[in-house]
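These notes concern the structure reproduced below.
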Amino acid sequence: MTSANETVSTWLVQFDAALKARDISAATTLFGEDCFWRDLVSFTWNHKTMEGRAAIADMLAATLKDAKPSHWKIEGDATTDGDLTESWITFETASGRGRGRLRLKGGKAWILLTTLVELKGHEEKNGTRRIKGAVHGVHKNRETWLESREREERELGHKVQPYCLIIGGGQGGIILGARLRKLGVPTIIIEKNKNPGDSWRKRYKSLCLHDPIWYDHLPYMPFPADWPIFSPKDKIADWLEMYTKVMELNYWGSTTCESARYDEKKKEWVVKVKRAGKAITLKPKQLVLATGLSGFPNMPKSKGEASFKGDIHHSSKHPGPDAYKGKKAVIIGSNNSAHDIAAALWENGCDVTMVQRTSTMIARSDTLMELEAGPLFSEEAVARGIDVHKADLLYAANPYKEQAKGLIPVTNAIRERDAEFYKRLEKAGFMLDFGDDGSGLHVKYIRRGSGYYIDVGASELIADGKIKLKTKVSIAEVKPKSVVFTDGSEVKADLIVYATGYGNMNNWAAKLISQDVADKVGRCWGIGSNTIKDPGPWEGEPRNMWKPTQQEALWFHGGNLHQSRHMSQFLSLQIKARMEGIGTPVYGLQEVHHKA
């Protein structure tokens with residue numbers, strides 16, 4: 001009987017031979033009829049999922065000459081479950097080394113993941129490559145580490161131009177900055193807030209991550225073993241500030257971008273910034289907008305707002321519940337922020353009314369952790385040998401089309417387990433959904449970045465009627481001390497919070513660069529699922545995120561901590577390759593079907 005290792009090794013030998021011979025027909029016959037190849041930068045210098053043999057053949061025809069893949073090897077031991085055989089694999093290309101995941105069905109490839117790990121000759125200086133940190137011996141006028149850092153801080157952005165400029169110093173910008181620092185890419189991060197972590201510090205005081213700790217580690221420096229499962233915002237803020245310092249990042253706080261334009265002749269950006277009131281012009285070769293998936297507040301305007309005697313603001317500006325004890329609050333929206341703010345206000349003695357305009361996906365935190373996140377991101381997963389690096393790759397090895405299919409039964413299990421909970425919510429009038437196709441919360445996040453709440457308590461308050469609920473209405477008019485809704489009802493109010501989400505990241509390109517560039521790039525986020533807020537055609541990868549765009553040298557970086565951690569690896573390698581003059585022929589550059 002053939003072992004799992006022999007099955008994988010035989011497939012890799014045949015695949016390697018076909019690729020070396022550039023026999024694309026022989027290579028594709030090693031894949032099943034229903035197959036996927038997801039490549040993150042290694043072959044395509046892009047994020048690209050090929051679906052079916054014809055798509056794989058097209059990609060290979062375009063990339064084999066430059067990629068020159070070789071040295072396909074099994075890593076560790078393969079496993080078999082029925083007719084499914086899985087294995088970690090390693091490989092090389094002309095310019096780098098890669099790692100991937102191979103899944104065979106009946107001896108044919110069902111899903112192949114290939115990712116670029118490092119560039120040859122430009123590896124991170126860790127392990128046996130680590131720098132000494134000191135030059136032994138006697139040297140006149142030697143420069144200490146501190147003096148070297150101080151000189152770099154004085155010169156970068158003044159005497160020396162950064163190769164890369166990151167606009168946005170939240171978690172995404174900081175994590176990408178750390179990746180680029182390790183690769184030796186001169187980088188400046190600019191942030192309107194004074195200190196790293198301030199974007200967390202300035203949010204409402206009850207804010208806490210709903211994702212578990214195993215999902216949220218930063219690269220190079222994981223959280224301590226006793227870190228809370230759900231991180232309070234101020235702990236995250238302090239960690240980011242410490243991380244920025246320890247990683248030696250060039251972080252310009254109290255700095256805003258005034259404008260940016262791309263000089264086609266010089267192949268560089270001209271970016272005007274204001275740092276602590278002083279105007280500075282930067283000329284980076286690469287520009288990254290790390291302004292956050294949740295960075296451009298949607299703030300609707302309602303009739304009569306100017307007459308309102310209370311406070312009115314977007315959820316991103318909400319200071320917390322302390323000033324509203326005994327007051328009446330109206331919250332427009334029913335997703336994560338709306339629930340968090342509503343619960344905190346209720347706890348502080350506020351009379352709260354939530355306005356739900358459209359249905360929301362709700363999942364109880366404990367259930368979601370056990371049934372959906374747990375297999376990859378949990379203490380139990382770590383005990384099974386799935387560290388954060390393996391978890392990231394296992395997640396990436398599931399193409400988005402298959403991910404949606406695979407999560408439908410998980411969502412059904414969630415609905416079944418918490419059926420009584422959902423029944424109580426619906427009885428209170430709450431409008432529930434579980435995704436357009438029943439694939440649940442995570443897929444909804446990938447498709448639209450909104451429309452869900454991970455319940456950590458607020459849903460119970462709604463089910464019990466402690467948080468009042470109005471559905472299928474919106475604001476018709478704001479009066480001095482009340483809100484009138486489109487159904488004619490009226491509610492007294494001292495506070496109105498618009499928990500109405502955020503605009504497309506593309507809006508930042510329009511604001512900072514130009515509307516022409518924003519239109520040239522097109523919509524960010526979503527995968528073309530042709531569901532609510534994610535129009536088709538099918539893309540198979542998030543639009544414009546972490547990969548080349550239609551605007552040369554412009555990149556978008558954002559998402560949750562998991563995405564910022566994992567995808568920053570591939571974005572940093574793309575930028576480093578361009579700095580070093582390594583050929584980066586992009587296969588399948590995303591077409592623009594939708595403006596923001």
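Letters A, B, ... mark the chains of the structure tokens in the order given; residue numbers begin at 1 per chain; ligand numbers begin at 1, in order shown.
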Name the residues of range 6-230 of chain A that fall into strand (DSSP E or B) according to DSSP on the backbone, using the chain letters and numbers of this document, as a PyMOL selection string.
chain A and resi 31-40+47-51+70-81+84-92+96-105+108-119+156+160+164-167+187-190+208+218+221
Hey, could you make a per-residue contact list for range 227-263 of chain A against range 142-163 of chain A with 12 Å as the cut-off, showing the nearest pair of atoms and its distance in Å to one decimal, counting only C-alpha atoms, sorted by chain and number, as JSON lines?
{"residue": "A:Lys245", "atom": "CA", "partner": "A:Arg149", "partner_atom": "CA", "distance": 11.2}
{"residue": "A:Val246", "atom": "CA", "partner": "A:Arg149", "partner_atom": "CA", "distance": 11.9}
{"residue": "A:Met247", "atom": "CA", "partner": "A:Arg149", "partner_atom": "CA", "distance": 11.6}
{"residue": "A:Glu248", "atom": "CA", "partner": "A:Arg149", "partner_atom": "CA", "distance": 8.0}
{"residue": "A:Leu249", "atom": "CA", "partner": "A:Glu153", "partner_atom": "CA", "distance": 9.5}
{"residue": "A:Asn250", "atom": "CA", "partner": "A:Glu153", "partner_atom": "CA", "distance": 6.8}
{"residue": "A:Tyr251", "atom": "CA", "partner": "A:Glu153", "partner_atom": "CA", "distance": 9.2}
{"residue": "A:Trp252", "atom": "CA", "partner": "A:Glu153", "partner_atom": "CA", "distance": 9.8}
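Among the candidate residues A:Ile496, A:Leu207, A:Met299, A:Ala396, the one lying nearest to Thr353 in chain A is A:Ile496, with distances computed using only C-alpha atoms.
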Tell me which protein, DNA and RNA residues are within 10 Å of range 76-93 of chain A, counting only C-alpha atoms, leaving out same-chain ones fewer than 2 positions away, and put them as a PyMOL selection string.
chain A and resi 3-9+12+16+42-43+64+66-74+95-120+390+393-394
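All residues of protein, DNA or RNA that reach within 6 Å of Thr500 in chain A, judged by only C-alpha atoms and not counting those fewer than 2 positions away in the chain, are Asn298, Gly333 and Tyr498 of chain A.
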Can I get the selection written as an mmCIF file, in the first residue's frame, with N, CA and C atoms?
data_model
loop_
_atom_site.group_PDB
_atom_site.id
_atom_site.type_symbol
_atom_site.label_atom_id
_atom_site.label_comp_id
_atom_site.auth_asym_id
_atom_site.auth_seq_id
_atom_site.Cartn_x
_atom_site.Cartn_y
_atom_site.Cartn_z
ATOM 1 N N ASN A 298 -18.538 56.816 7.659
ATOM 2 C CA ASN A 298 -19.782 57.191 6.985
ATOM 3 C C ASN A 298 -20.633 57.962 7.981
ATOM 4 N N GLY A 333 -27.623 51.928 13.726
ATOM 5 C CA GLY A 333 -26.743 50.839 13.315
ATOM 6 C C GLY A 333 -26.896 49.650 14.237
ATOM 7 N N TYR A 498 -24.040 57.655 15.370
ATOM 8 C CA TYR A 498 -24.126 57.013 14.056
ATOM 9 C C TYR A 498 -23.087 55.894 13.983
#
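Note that CA of Ala94 in chain A and CA of Ala18 in chain A are 16.7 Å apart.
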Which one is closest to Arg543 in chain A: A:Lys468, A:Lys427, A:Lys20, A:His594? Count only C-alpha atoms.
A:His594
Could you go through range 151-353 of chain A and tell me which residues DSSP, when run on the backbone, assigns to helix (DSSP H, G or I), listing them as a ChimeraX atom specification?
/A:151-155,171-182,198-201,213-215,233-246,305-307,315-317,322-324,336-347
